[in-house]
file data_37.txt (compact mmCIF, C-alpha atoms and all ligand atoms)
# COMPACT_ATOMS: atom_id res chain seq x y z
CA MET A 1 -0.03 -19.22 -26.80
CA ASP A 2 3.47 -19.88 -25.60
CA SER A 3 3.09 -21.56 -22.24
CA ASN A 4 6.60 -20.63 -21.26
CA SER A 5 5.98 -16.92 -21.66
CA ALA A 6 2.71 -17.26 -19.84
CA LYS A 7 4.68 -18.77 -17.01
CA ASN A 8 7.10 -15.87 -17.04
CA LEU A 9 4.25 -13.43 -16.74
CA ARG A 10 2.81 -15.47 -13.91
CA SER A 11 6.07 -15.28 -12.07
CA LEU A 12 5.29 -11.63 -11.35
CA THR A 13 2.33 -12.79 -9.37
CA ILE A 14 1.93 -12.86 -5.67
CA SER A 15 -0.37 -15.74 -5.01
CA PRO A 16 -0.91 -18.23 -2.24
CA LEU A 17 1.74 -20.90 -2.28
CA GLU A 18 0.91 -23.98 -4.22
CA ASP A 19 4.36 -25.43 -4.26
CA GLU A 20 4.28 -28.57 -2.16
CA ASP A 21 7.98 -28.52 -1.47
CA GLU A 22 7.66 -25.16 0.17
CA GLU A 23 4.79 -26.30 2.36
CA VAL A 24 6.76 -29.28 3.57
CA HIS A 25 9.64 -26.96 4.28
CA ILE A 26 7.46 -24.71 6.45
CA GLU A 27 6.10 -27.62 8.44
CA GLU A 28 9.59 -28.86 9.11
CA ALA A 29 10.71 -25.45 10.21
CA GLU A 30 7.78 -25.22 12.59
CA ALA A 31 8.48 -28.59 14.07
CA GLU A 32 12.09 -27.62 14.63
CA GLU A 33 11.43 -24.24 16.15
CA ASP A 34 8.50 -25.48 18.19
CA GLU A 35 7.75 -21.94 19.26
CA GLU A 36 4.42 -21.36 17.59
CA GLU A 37 1.24 -22.97 18.80
CA ASP A 38 -0.85 -21.81 15.86
CA GLU A 39 -0.51 -23.28 12.48
CA GLU A 40 1.18 -20.73 10.36
CA ASP A 41 -0.05 -19.64 6.97
CA SER A 42 2.61 -19.08 4.42
CA VAL A 43 3.16 -15.34 4.53
CA GLN A 44 4.98 -13.33 1.92
CA LEU A 45 6.87 -10.31 3.15
CA GLY A 46 7.34 -7.09 1.23
CA PHE A 47 10.53 -5.04 1.52
CA VAL A 48 11.32 -1.72 -0.10
CA GLU A 49 14.36 -1.12 -2.27
CA LYS A 50 15.46 2.01 -4.07
CA PRO A 51 14.43 1.40 -7.69
CA LYS A 52 17.40 0.30 -9.78
CA ASN A 53 15.60 1.65 -12.80
CA PRO A 54 12.46 3.79 -12.30
CA HIS A 55 11.31 2.76 -15.78
CA LEU A 56 10.73 -0.73 -14.41
CA LEU A 57 8.02 0.67 -12.17
CA LEU A 58 5.67 1.76 -14.97
CA SER A 59 2.18 0.35 -15.56
CA HIS A 60 3.03 -1.95 -18.46
CA LEU A 61 5.58 -3.81 -16.33
CA PHE A 62 3.01 -4.52 -13.60
CA PRO A 63 5.09 -3.34 -10.63
CA SER A 64 4.59 -3.57 -6.88
CA LYS A 65 5.82 -0.27 -5.51
CA ALA A 66 5.56 2.22 -2.66
CA GLY A 67 5.61 6.01 -2.90
CA GLY A 68 6.17 8.06 -6.02
CA LEU A 69 3.31 7.88 -8.49
CA PRO A 70 0.78 5.09 -8.86
CA ALA A 71 1.27 2.92 -11.94
CA TRP A 72 -2.40 2.70 -12.92
CA LEU A 73 -3.28 -0.71 -14.36
CA ASP A 74 -6.27 0.70 -16.23
CA PRO A 75 -4.74 4.01 -17.39
CA VAL A 76 -8.01 5.42 -18.71
CA ASN A 77 -10.86 4.83 -16.29
CA LEU A 78 -9.23 6.25 -13.15
CA PRO A 79 -11.08 6.59 -9.84
CA PRO A 80 -13.69 9.36 -9.95
CA ASP A 81 -13.44 12.72 -8.13
CA ASN A 82 -15.43 11.72 -5.07
CA SER A 83 -13.37 8.65 -4.25
CA ARG A 84 -9.95 10.26 -4.47
CA LEU A 85 -10.38 12.88 -1.75
CA CYS A 86 -9.82 12.61 1.99
CA GLY A 87 -13.23 12.35 3.60
CA PHE A 88 -12.21 14.82 6.31
CA CYS A 89 -9.99 17.61 4.96
CA GLY A 90 -11.07 17.19 1.32
CA ASP A 91 -7.50 17.14 -0.01
CA PRO A 92 -6.55 14.64 -2.72
CA LEU A 93 -5.20 11.45 -1.14
CA GLN A 94 -1.53 10.56 -1.42
CA PHE A 95 -0.32 7.31 -3.02
CA LEU A 96 0.99 4.88 -0.41
CA LEU A 97 1.63 1.65 -2.31
CA GLN A 98 0.39 -0.84 -4.87
CA ILE A 99 0.70 -4.60 -5.00
CA TYR A 100 0.47 -6.67 -8.15
CA ALA A 101 -1.45 -9.72 -6.99
CA SER A 102 -3.09 -11.59 -9.83
CA ILE A 103 -5.24 -14.62 -9.07
CA ASP A 104 -4.77 -17.85 -10.97
CA GLY A 105 -7.60 -19.74 -12.54
CA LYS A 106 -9.80 -16.80 -13.51
CA GLU A 107 -9.58 -14.95 -16.80
CA SER A 108 -10.78 -11.67 -15.27
CA THR A 109 -7.98 -11.57 -12.70
CA PHE A 110 -5.09 -12.32 -15.03
CA HIS A 111 -3.79 -8.89 -14.10
CA ARG A 112 -4.82 -7.59 -10.71
CA THR A 113 -3.38 -4.70 -8.72
CA LEU A 114 -4.40 -3.32 -5.34
CA TYR A 115 -3.76 0.34 -4.54
CA VAL A 116 -3.65 2.04 -1.14
CA PHE A 117 -3.98 5.80 -0.75
CA MET A 118 -4.13 7.89 2.37
CA CYS A 119 -4.26 11.43 3.64
CA PRO A 120 -0.86 12.34 5.15
CA SER A 121 -2.57 14.18 8.01
CA MET A 122 -2.53 12.36 11.36
CA ALA A 123 -5.49 14.50 12.44
CA CYS A 124 -7.50 12.97 9.58
CA LEU A 125 -6.34 9.44 10.45
CA LEU A 126 -7.50 9.97 14.03
CA ARG A 127 -10.95 10.94 12.76
CA ASP A 128 -10.86 7.97 10.40
CA GLN A 129 -10.41 5.74 13.46
CA HIS A 130 -13.98 6.48 14.50
CA GLU A 131 -15.48 6.21 11.05
CA GLN A 132 -14.11 2.81 10.20
CA TRP A 133 -16.51 1.25 12.72
CA ARG A 134 -19.57 2.89 11.16
CA HIS A 135 -20.10 1.31 7.78
CA LYS A 136 -23.54 0.07 8.82
CA GLU A 137 -24.75 3.65 9.10
CA GLY A 138 -24.08 4.34 5.46
CA SER A 139 -20.80 4.93 3.70
CA PRO A 140 -18.49 6.53 6.22
CA SER A 141 -15.87 9.15 5.38
CA ARG A 142 -12.37 7.70 5.19
CA SER A 143 -8.84 9.06 4.96
CA VAL A 144 -7.49 5.67 3.81
CA LYS A 145 -8.74 4.08 0.61
CA VAL A 146 -8.02 0.87 -1.24
CA PHE A 147 -8.79 0.25 -4.90
CA ARG A 148 -8.77 -3.03 -6.78
CA CYS A 149 -8.25 -3.07 -10.53
CA GLN A 150 -8.16 -6.19 -12.66
CA LEU A 151 -7.83 -6.98 -16.36
CA ALA A 152 -8.08 -10.06 -18.52
CA ARG A 153 -5.02 -11.22 -20.38
CA SER A 154 -6.52 -9.82 -23.55
CA ASN A 155 -7.25 -6.15 -22.88
CA PRO A 156 -6.98 -2.79 -24.68
CA TYR A 157 -3.94 -1.55 -22.77
CA TYR A 158 -1.23 -4.21 -22.72
CA SER A 159 0.19 -6.95 -24.89
CA SER A 160 -1.04 -10.42 -24.00
CA GLU A 161 2.58 -11.54 -24.04
CA PRO A 162 4.73 -11.06 -20.92
CA PRO A 163 7.05 -8.04 -20.90
CA LYS A 164 10.54 -8.67 -22.22
CA LEU A 165 12.10 -6.28 -19.70
CA ASP A 166 14.74 -5.28 -22.24
CA GLY A 167 13.62 -1.68 -22.62
CA THR A 168 11.42 -2.33 -25.66
CA ASP A 169 8.15 -2.91 -23.79
CA ARG A 170 5.49 -0.30 -24.42
CA PRO A 171 1.87 0.04 -23.39
CA LEU A 172 -0.62 -0.22 -26.26
CA CYS A 173 -2.09 3.20 -25.52
CA THR A 174 -1.34 6.23 -23.40
CA GLY A 175 -3.43 6.98 -20.39
CA VAL A 176 -5.52 10.02 -19.61
CA PRO A 177 -3.67 13.29 -18.85
CA MET A 178 -2.68 13.61 -15.23
CA CYS A 179 -2.63 16.44 -12.70
CA CYS A 180 0.63 18.30 -13.26
CA TRP A 181 1.03 18.97 -9.55
CA CYS A 182 0.59 15.54 -7.95
CA GLY A 183 0.97 13.31 -11.02
CA THR A 184 -1.24 10.90 -9.10
CA TRP A 185 -4.80 11.63 -10.19
CA LYS A 186 -6.52 12.41 -13.46
CA GLY A 187 -6.06 16.05 -14.49
CA GLY A 188 -9.67 16.81 -15.27
CA LYS A 189 -9.47 20.58 -14.71
CA LEU A 190 -7.58 23.01 -16.96
CA CYS A 191 -5.93 26.23 -15.80
CA GLY A 192 -8.46 28.92 -16.70
CA SER A 193 -5.84 31.35 -18.05
CA CYS A 194 -3.36 29.33 -20.10
CA LYS A 195 -5.73 26.39 -20.63
CA LYS A 196 -2.61 24.23 -20.82
CA THR A 197 -1.88 22.88 -17.36
CA ARG A 198 -4.14 20.27 -15.85
CA TYR A 199 -5.11 19.58 -12.26
CA CYS A 200 -6.97 16.99 -10.27
CA SER A 201 -8.35 19.57 -7.88
CA GLU A 202 -8.52 23.28 -7.10
CA LYS A 203 -6.23 22.64 -4.19
CA HIS A 204 -3.41 21.43 -6.45
CA GLN A 205 -4.02 24.22 -8.93
CA ALA A 206 -3.62 26.74 -6.09
CA MET A 207 -0.43 25.06 -4.90
CA HIS A 208 1.08 25.04 -8.38
CA TRP A 209 0.07 28.69 -8.85
CA LYS A 210 1.84 29.72 -5.66
CA SER A 211 4.94 27.72 -6.39
CA GLY A 212 5.63 29.21 -9.80
CA HIS A 213 2.81 28.73 -12.29
CA LYS A 214 1.74 32.32 -11.58
CA SER A 215 4.76 33.58 -13.49
CA GLU A 216 4.85 30.77 -16.06
CA CYS A 217 1.17 30.89 -16.93
CA HIS A 218 1.35 33.98 -19.18
CA LYS A 219 4.44 32.61 -20.92
CA LEU A 220 2.46 29.46 -21.71
CA ILE A 221 -0.35 31.60 -23.12
CA ALA A 222 2.11 33.33 -25.45
CA SER A 223 3.87 30.15 -26.53
CA ASP A 224 2.33 27.63 -28.85
CA SER A 225 3.48 24.73 -26.73
CA PRO A 226 0.87 22.00 -26.50
CA ILE A 227 -1.23 21.32 -23.47
CA VAL A 228 0.89 19.92 -20.68
CA ASN A 229 -0.50 16.47 -21.19
CA ASN A 230 1.39 13.73 -19.58
CA GLY A 231 -0.59 10.52 -19.81
CA ASN A 232 2.28 8.14 -19.40
CA GLY A 233 5.10 10.61 -19.88
CA VAL A 234 4.23 12.04 -16.50
CA GLN A 235 7.70 11.32 -15.19
CA ASP A 236 9.07 14.00 -17.52
CA LEU A 237 7.69 16.70 -15.31
CA THR A 238 10.20 17.62 -12.68
CA VAL A 239 7.79 19.29 -10.30
CA PHE A 240 7.03 16.12 -8.37
CA LYS A 241 10.38 14.42 -8.82
CA ASN A 242 11.50 13.10 -5.45
CA GLY A 243 8.38 14.42 -3.85
CA LEU A 244 9.66 17.98 -4.06
CA ASN A 245 6.14 19.33 -3.94
CA LYS A 246 5.32 17.09 -0.98
CA ALA A 247 2.42 15.56 -2.90
CA THR A 248 4.29 12.25 -3.11
CA TRP A 249 6.35 10.07 -0.81
CA PRO A 250 9.78 8.82 -1.93
CA GLU A 251 9.56 6.05 -4.50
CA TYR A 252 10.56 2.43 -3.82
CA GLU A 253 10.21 -0.89 -5.48
CA ILE A 254 8.53 -3.56 -3.33
CA VAL A 255 10.38 -6.86 -3.34
CA ILE A 256 8.63 -9.99 -2.06
CA GLU A 257 10.20 -12.78 -0.04
CA GLU A 258 8.83 -15.79 1.80
CA GLU A 259 8.69 -15.33 5.56
CA SER A 260 9.70 -18.97 5.97
CA GLY A 261 13.12 -18.04 4.61
CA PHE A 262 13.85 -15.92 7.69
CA GLU A 263 15.19 -17.28 10.95
CA TRP A 264 13.26 -16.89 14.17
CA GLU A 265 15.03 -14.83 16.79
CA LYS A 266 16.28 -17.24 19.42
CA SER A 267 15.83 -15.77 22.82
CA GLU A 268 17.85 -16.63 25.84
CA GLY A 269 15.89 -16.94 29.03
CA ASN A 270 12.23 -17.75 29.32
CA SER A 271 9.63 -17.50 26.62
CA SER A 272 7.90 -14.41 28.03
CA SER A 273 10.89 -12.31 27.08
CA ILE A 274 11.02 -13.42 23.47
CA GLY A 275 9.37 -10.33 22.10
CA THR A 276 11.22 -7.82 24.20
CA SER A 277 14.70 -9.22 23.77
CA ALA A 278 14.27 -9.04 20.03
CA ILE A 279 13.40 -5.36 20.18
CA VAL A 280 16.23 -4.49 22.51
CA THR A 281 18.70 -5.81 19.99
CA LYS A 282 16.93 -4.71 16.82
CA TYR A 283 15.84 -1.26 17.86
CA ASN A 284 18.62 -0.47 20.25
CA LYS A 285 16.20 0.44 22.96
CA THR A 286 16.95 0.20 26.63
CA ASP A 287 14.92 -1.95 28.96
CA GLU A 288 13.43 1.18 30.56
CA ALA A 289 12.30 2.52 27.21
CA LEU A 290 10.70 -0.79 26.47
CA GLN A 291 9.06 -0.90 29.83
CA SER A 292 7.52 2.50 29.21
CA VAL A 293 6.21 1.34 25.86
CA MET A 294 4.64 -1.67 27.53
CA ASP A 295 3.21 0.54 30.29
CA GLN A 296 1.24 2.51 27.74
CA PHE A 297 -0.84 -0.50 26.96
CA GLU A 298 -3.36 -0.72 29.73
CA ALA A 299 -4.71 -4.18 29.12
CA ASP A 300 -2.56 -7.25 29.63
CA ALA A 301 -4.05 -8.60 26.43
CA ASP A 302 -2.53 -5.64 24.57
CA LYS A 303 0.89 -6.25 26.12
CA LYS A 304 0.73 -9.86 25.12
CA SER A 305 -0.48 -9.03 21.63
CA TRP A 306 2.27 -6.46 21.14
CA ALA A 307 4.97 -8.84 22.35
CA SER A 308 3.75 -11.45 19.89
CA PHE A 309 3.61 -8.86 17.10
CA GLU A 310 7.17 -7.75 17.81
CA GLU A 311 8.32 -11.32 17.98
CA HIS A 312 6.87 -12.03 14.56
CA ILE A 313 8.33 -8.99 12.89
CA SER A 314 11.70 -9.52 14.58
CA ARG A 315 12.21 -12.29 12.05
CA ALA A 316 12.59 -9.58 9.43
CA PRO A 317 12.31 -6.13 11.04
CA GLU A 318 12.55 -4.24 7.74
CA GLN A 319 9.31 -5.72 6.39
CA VAL A 320 6.80 -3.12 5.23
CA LEU A 321 4.13 -5.54 4.11
CA ARG A 322 2.74 -8.98 4.97
CA TYR A 323 0.73 -10.73 2.27
CA CYS A 324 -1.38 -13.85 2.58
CA ARG A 325 -4.53 -14.24 0.50
CA ASN A 326 -6.03 -17.33 1.96
CA GLU A 327 -9.46 -17.74 3.52
CA THR A 328 -8.00 -18.87 6.83
CA ALA A 329 -5.22 -16.27 6.99
CA LYS A 330 -5.33 -13.65 9.71
CA PRO A 331 -3.46 -10.38 10.05
CA LEU A 332 -0.92 -9.86 12.79
CA TRP A 333 -2.47 -7.28 15.14
CA PRO A 334 -0.12 -5.17 17.28
CA LEU A 335 -2.91 -4.64 19.82
CA CYS A 336 -5.77 -6.71 21.02
CA SER A 337 -8.10 -3.74 21.37
CA GLY A 338 -9.33 -1.90 18.31
CA ARG A 339 -9.67 -4.94 16.12
CA PRO A 340 -12.83 -5.39 14.07
CA SER A 341 -15.22 -8.21 14.82
CA LYS A 342 -16.79 -10.06 11.89
CA ALA A 343 -19.83 -7.78 12.13
CA GLU A 344 -17.66 -4.72 11.65
CA ILE A 345 -16.37 -5.89 8.30
CA PRO A 346 -18.73 -4.74 5.55
CA PRO A 347 -19.64 -6.97 2.62
CA CYS A 348 -18.19 -6.26 -0.82
CA ARG A 349 -19.91 -3.11 -2.11
CA TYR A 350 -20.26 -4.61 -5.56
CA CYS A 351 -21.25 -8.27 -5.23
CA LYS A 352 -22.31 -8.15 -1.54
CA GLY A 353 -20.20 -11.24 -0.94
CA PRO A 354 -17.73 -11.53 1.96
CA LEU A 355 -14.40 -9.73 2.15
CA CYS A 356 -11.28 -11.57 3.20
CA TYR A 357 -7.94 -10.48 4.60
CA GLU A 358 -5.33 -10.06 1.87
CA PHE A 359 -2.42 -8.03 3.24
CA GLN A 360 -1.30 -5.62 5.94
CA ILE A 361 1.02 -2.63 5.85
CA MET A 362 3.59 -2.21 8.60
CA PRO A 363 4.64 1.07 10.25
CA GLN A 364 8.19 0.50 8.98
CA LEU A 365 7.10 2.04 5.69
CA LEU A 366 6.89 5.43 7.40
CA TYR A 367 10.56 5.17 8.31
CA TYR A 368 11.48 4.67 4.66
CA PHE A 369 9.19 7.54 3.70
CA GLY A 370 11.14 9.77 6.11
CA VAL A 371 8.03 10.56 8.16
CA LYS A 372 9.10 12.08 11.46
CA ASN A 373 8.66 10.05 14.59
CA ASP A 374 6.90 12.74 16.64
CA SER A 375 3.45 13.07 18.08
CA ASN A 376 1.82 15.03 15.22
CA SER A 377 3.24 12.94 12.41
CA LEU A 378 1.44 10.23 10.54
CA ASP A 379 1.69 6.92 12.35
CA TRP A 380 -0.13 3.63 12.57
CA GLY A 381 0.27 0.21 14.16
CA THR A 382 -0.91 -1.60 11.06
CA ILE A 383 -3.20 -1.09 8.08
CA VAL A 384 -5.12 -4.24 7.26
CA VAL A 385 -6.54 -4.55 3.76
CA LEU A 386 -9.58 -6.74 3.13
CA THR A 387 -10.75 -7.48 -0.39
CA CYS A 388 -13.66 -9.23 -2.08
CA LEU A 389 -13.19 -12.98 -1.63
CA ALA A 390 -14.51 -13.59 -5.14
CA SER A 391 -12.48 -10.67 -6.55
CA CYS A 392 -15.69 -9.86 -8.40
CA GLU A 393 -16.18 -8.09 -11.68
CA SER A 394 -18.12 -4.89 -12.19
CA SER A 395 -18.23 -2.13 -14.75
CA ILE A 396 -16.21 0.08 -12.39
CA SER A 397 -12.51 -0.20 -13.12
CA TYR A 398 -11.26 0.78 -9.68
CA LYS A 399 -13.37 -0.99 -7.10
CA GLU A 400 -13.13 0.30 -3.53
CA GLU A 401 -12.08 -2.31 -1.02
CA PHE A 402 -11.84 -2.00 2.75
CA ALA A 403 -8.98 -0.93 5.02
CA TRP A 404 -8.89 -1.26 8.79
CA VAL A 405 -6.32 0.90 10.56
CA GLN A 406 -5.08 0.12 14.03
CA ILE A 407 -3.19 2.92 15.73
CA TYR A 408 -1.29 2.97 19.00
CA PRO A 409 -2.51 4.88 22.02
CA ALA A 410 -1.06 8.41 22.13
CA THR A 411 2.57 7.96 22.96
CA SER A 412 5.90 9.69 22.71
CA ILE A 413 7.79 6.51 21.93
CA ARG A 414 6.56 4.72 18.86
CA PRO A 415 6.84 1.04 19.33
CA GLY A 416 7.69 -1.11 16.37
CA ARG A 417 9.49 1.49 14.29
CA LEU A 418 13.11 1.59 13.38
CA THR A 419 14.63 4.85 14.43
CA MET A 420 16.78 7.05 12.24
ZN ZN B 1 -7.24 14.60 5.25
ZN ZN B 2 -3.27 16.75 -8.16
ZN ZN B 3 -2.00 28.55 -16.46
ZN ZN B 4 -17.23 -8.50 -4.70

call {"tool": "encode", "arguments": {"input": "data_37.txt", "output": "structure tokens"}}
result
Amino acid sequence: MDSNSAKNLRSLTISPLEDEDEEVHIEEAEAEEDEEEDEEDSVQLGFVEKPKNPHLLLSHLFPSKAGGLPAWLDPVNLPPDNSRLCGFCGDPLQFLLQIYASIDGKESTFHRTLYVFMCPSMACLLRDQHEQWRHKEGSPSRSVKVFRCQLARSNPYYSSEPPKLDGTDRPLCTGVPMCCWCGTWKGGKLCGSCKKTRYCSEKHQAMHWKSGHKSECHKLIASDSPIVNNGNGVQDLTVFKNGLNKATWPEYEIVIEEESGFEWEKSEGNSSSIGTSAIVTKYNKTDEALQSVMDQFEADADKKSWASFEEHISRAPEQVLRYCRNETAKPLWPLCSGRPSKAEIPPCRYCKGPLCYEFQIMPQLLYYFGVKNDSNSLDWGTIVVLTCLASCESSISYKEEFAWVQIYPATSIRPGRLTM
């Protein structure tokens, strides 16, 4: 095995920092800034960029991406019917993002990708808010789901050598046929008339029927064109290009950078205004607007928590993701209330071992997805993803992990979001 190519493949990885130089650098920076009391874990920030080449976001190149279609790591054993639907409205969930985050030192996690899906309905997310506390009473319904998939270096789907990224990389096999409406989920159901188009659900079949399949269906019956089977060639179908059918969000590549590379906002005046001054400049909000945001938080603890949250993200306001897989790492909570205690975090459903914090998704992502900033639109303060500490193995390819969503109190001004 060529150790150099193994290293190249590893360079795709997001993993806790092991580079001593970097750690020294962070400590120095902390000493200089002298603004943080807590010891800081080394956090990696995710930013979205328009894909330079959408072909670089396919499964066999192990991408981290947001929106568009999921690049399934295991392209055959996709999540089953019952785990891909919103627990409230029953619609298929929409792909939010995936992070390639392999773990060193274990053969089974040579490749490892985490996927987040959610229902785009804010009404469902509000119901989800109550359910996320109730895991002890059985498996609660959720509108946000996280899957973990991992593969050994030697596996049936991909070469054990790192991709060359020169356009010649190919997966070793095609995946299962996908739904021709959403392109997201396995197309397990065939159109009853033409028996050529595939769907993940009756809902998507109905939507495709209404939007044109009604007239195309009989033409497909007459033609001898093959079944619309799009395992990995799913991108050929134009129906979900650019989210035209509203079953996908716009597609982005996720680029990772070290938080330590970003400057802290220096505030003039006393330390209590650090958070707010950063937002005034970054979000172009007036002091009154800010005051009204602050007023919505009843508890002082929430005000303090939000100011600290804003201060942290002001270092890089465009961040959509914060990643730190480290037993001692903690998420950055916008609010003090509505956080889970240890008892509220379930054990791993597979090995029964503990879960640990791995990453959190910031509301900025909604801005890039073009989600409106009004009271009925999807919104959250943060989505915290916890995964099995052992990253355990099981016969199930897509293992469900745990998401905790913190939303803001009902408000007309959304704190923490860039505005259009
Ligand atoms: Zn729903
Ligand atoms: Zn579908
Ligand atoms: Zn048909
Ligand atoms: Zn486990």

call {"tool": "residues_near_ligand", "arguments": {"input": "data_37.txt", "ligand": "ligand ZN 1 (chain B)", "cutoff": "6 Å", "atoms": "all atoms listed in the file", "output": "PyMOL selection string"}}
result
chain A and resi 86+88-89+91+119+121+124+143

call {"tool": "residues_near_ligand", "arguments": {"input": "data_37.txt", "ligand": "ligand ZN 2 (chain B)", "cutoff": "7 Å", "atoms": "only C-alpha atoms and all ligand atoms", "output": "PyMOL selection string"}}
result
chain A and resi 92+179-185+187+199-201+204

call {"tool": "residues_near_ligand", "arguments": {"input": "data_37.txt", "ligand": "ligand ZN 4 (chain B)", "cutoff": "7 Å", "atoms": "all atoms listed in the file", "output": "list in words"}}
result
Cys348, Arg349, Tyr350, Cys351, Lys352, Gly353, Cys388, Leu389, Ala390, Ser391 and Cys392 of chain A

call {"tool": "atom_distance", "arguments": {"input": "data_37.txt", "atom1": "atom CA of A:Ser139", "atom2": "atom CA of A:Ile99"}}
result
25.1 Å

call {"tool": "residues_near_ligand", "arguments": {"input": "data_37.txt", "ligand": "ligand ZN 3 (chain B)", "cutoff": "9 Å", "atoms": "only C-alpha atoms and all ligand atoms", "output": "PyMOL selection string"}}
result
chain A and resi 190-198+205+209+213-221

call {"tool": "closest_residue", "arguments": {"input": "data_37.txt", "among": "A:Tyr368, A:Phe359, A:Tyr398, A:Tyr157", "to": "A:Glu253", "atoms": "only C-alpha atoms"}}
result
A:Tyr368

call {"tool": "closest_residue", "arguments": {"input": "data_37.txt", "among": "A:Gln364, A:Asp224, A:Pro409, A:Gly370", "to": "A:Ala299", "atoms": "only C-alpha atoms"}}
result
A:Pro409

call {"tool": "atom_distance", "arguments": {"input": "data_37.txt", "atom1": "atom CA of A:Pro163", "atom2": "atom CA of A:Leu321"}}
result
25.3 Å

call {"tool": "atom_distance", "arguments": {"input": "data_37.txt", "atom1": "atom CA of A:Val385", "atom2": "atom CA of A:Gly67"}}
result
17.4 Å

call {"tool": "closest_residue", "arguments": {"input": "data_37.txt", "among": "A:Gln44, A:Leu335, A:Val146, A:Leu73", "to": "A:Ser260", "atoms": "all atoms listed in the file"}}
result
A:Gln44

call {"tool": "residues_around", "arguments": {"input": "data_37.txt", "residues": "A:Ala403", "least_positions_apart": "5", "cutoff": "9 Å", "atoms": "all atoms listed in the file", "output": "PyMOL selection string"}}
result
chain A and resi 116+132+144-146+383-387

call {"tool": "residues_around", "arguments": {"input": "data_37.txt", "residues": "A:Arg142", "least_positions_apart": "5", "cutoff": "12 Å", "atoms": "all atoms listed in the file", "output": "PDB file with C-alpha atoms, in the coordinates of the input"}}
result
ATOM      1  CA  ASN A  82     -15.430  11.720  -5.070  1.00  0.00           C
ATOM      2  CA  SER A  83     -13.370   8.650  -4.250  1.00  0.00           C
ATOM      3  CA  ARG A  84      -9.950  10.260  -4.470  1.00  0.00           C
ATOM      4  CA  LEU A  85     -10.380  12.880  -1.750  1.00  0.00           C
ATOM      5  CA  CYS A  86      -9.820  12.610   1.990  1.00  0.00           C
ATOM      6  CA  GLY A  87     -13.230  12.350   3.600  1.00  0.00           C
ATOM      7  CA  PHE A  88     -12.210  14.820   6.310  1.00  0.00           C
ATOM      8  CA  CYS A  89      -9.990  17.610   4.960  1.00  0.00           C
ATOM      9  CA  GLY A  90     -11.070  17.190   1.320  1.00  0.00           C
ATOM     10  CA  ASP A  91      -7.500  17.140  -0.010  1.00  0.00           C
ATOM     11  CA  LEU A  93      -5.200  11.450  -1.140  1.00  0.00           C
ATOM     12  CA  PHE A 117      -3.980   5.800  -0.750  1.00  0.00           C
ATOM     13  CA  MET A 118      -4.130   7.890   2.370  1.00  0.00           C
ATOM     14  CA  CYS A 119      -4.260  11.430   3.640  1.00  0.00           C
ATOM     15  CA  CYS A 124      -7.500  12.970   9.580  1.00  0.00           C
ATOM     16  CA  LEU A 125      -6.340   9.440  10.450  1.00  0.00           C
ATOM     17  CA  LEU A 126      -7.500   9.970  14.030  1.00  0.00           C
ATOM     18  CA  ARG A 127     -10.950  10.940  12.760  1.00  0.00           C
ATOM     19  CA  ASP A 128     -10.860   7.970  10.400  1.00  0.00           C
ATOM     20  CA  GLN A 129     -10.410   5.740  13.460  1.00  0.00           C
ATOM     21  CA  HIS A 130     -13.980   6.480  14.500  1.00  0.00           C
ATOM     22  CA  GLU A 131     -15.480   6.210  11.050  1.00  0.00           C
ATOM     23  CA  GLN A 132     -14.110   2.810  10.200  1.00  0.00           C
ATOM     24  CA  TRP A 133     -16.510   1.250  12.720  1.00  0.00           C
ATOM     25  CA  ARG A 134     -19.570   2.890  11.160  1.00  0.00           C
ATOM     26  CA  HIS A 135     -20.100   1.310   7.780  1.00  0.00           C
ATOM     27  CA  GLU A 400     -13.130   0.300  -3.530  1.00  0.00           C
ATOM     28  CA  GLU A 401     -12.080  -2.310  -1.020  1.00  0.00           C
ATOM     29  CA  PHE A 402     -11.840  -2.000   2.750  1.00  0.00           C
ATOM     30  CA  ALA A 403      -8.980  -0.930   5.020  1.00  0.00           C
ATOM     31  CA  TRP A 404      -8.890  -1.260   8.790  1.00  0.00           C
ATOM     32  CA  VAL A 405      -6.320   0.900  10.560  1.00  0.00           C
TER      33      VAL A 405
END
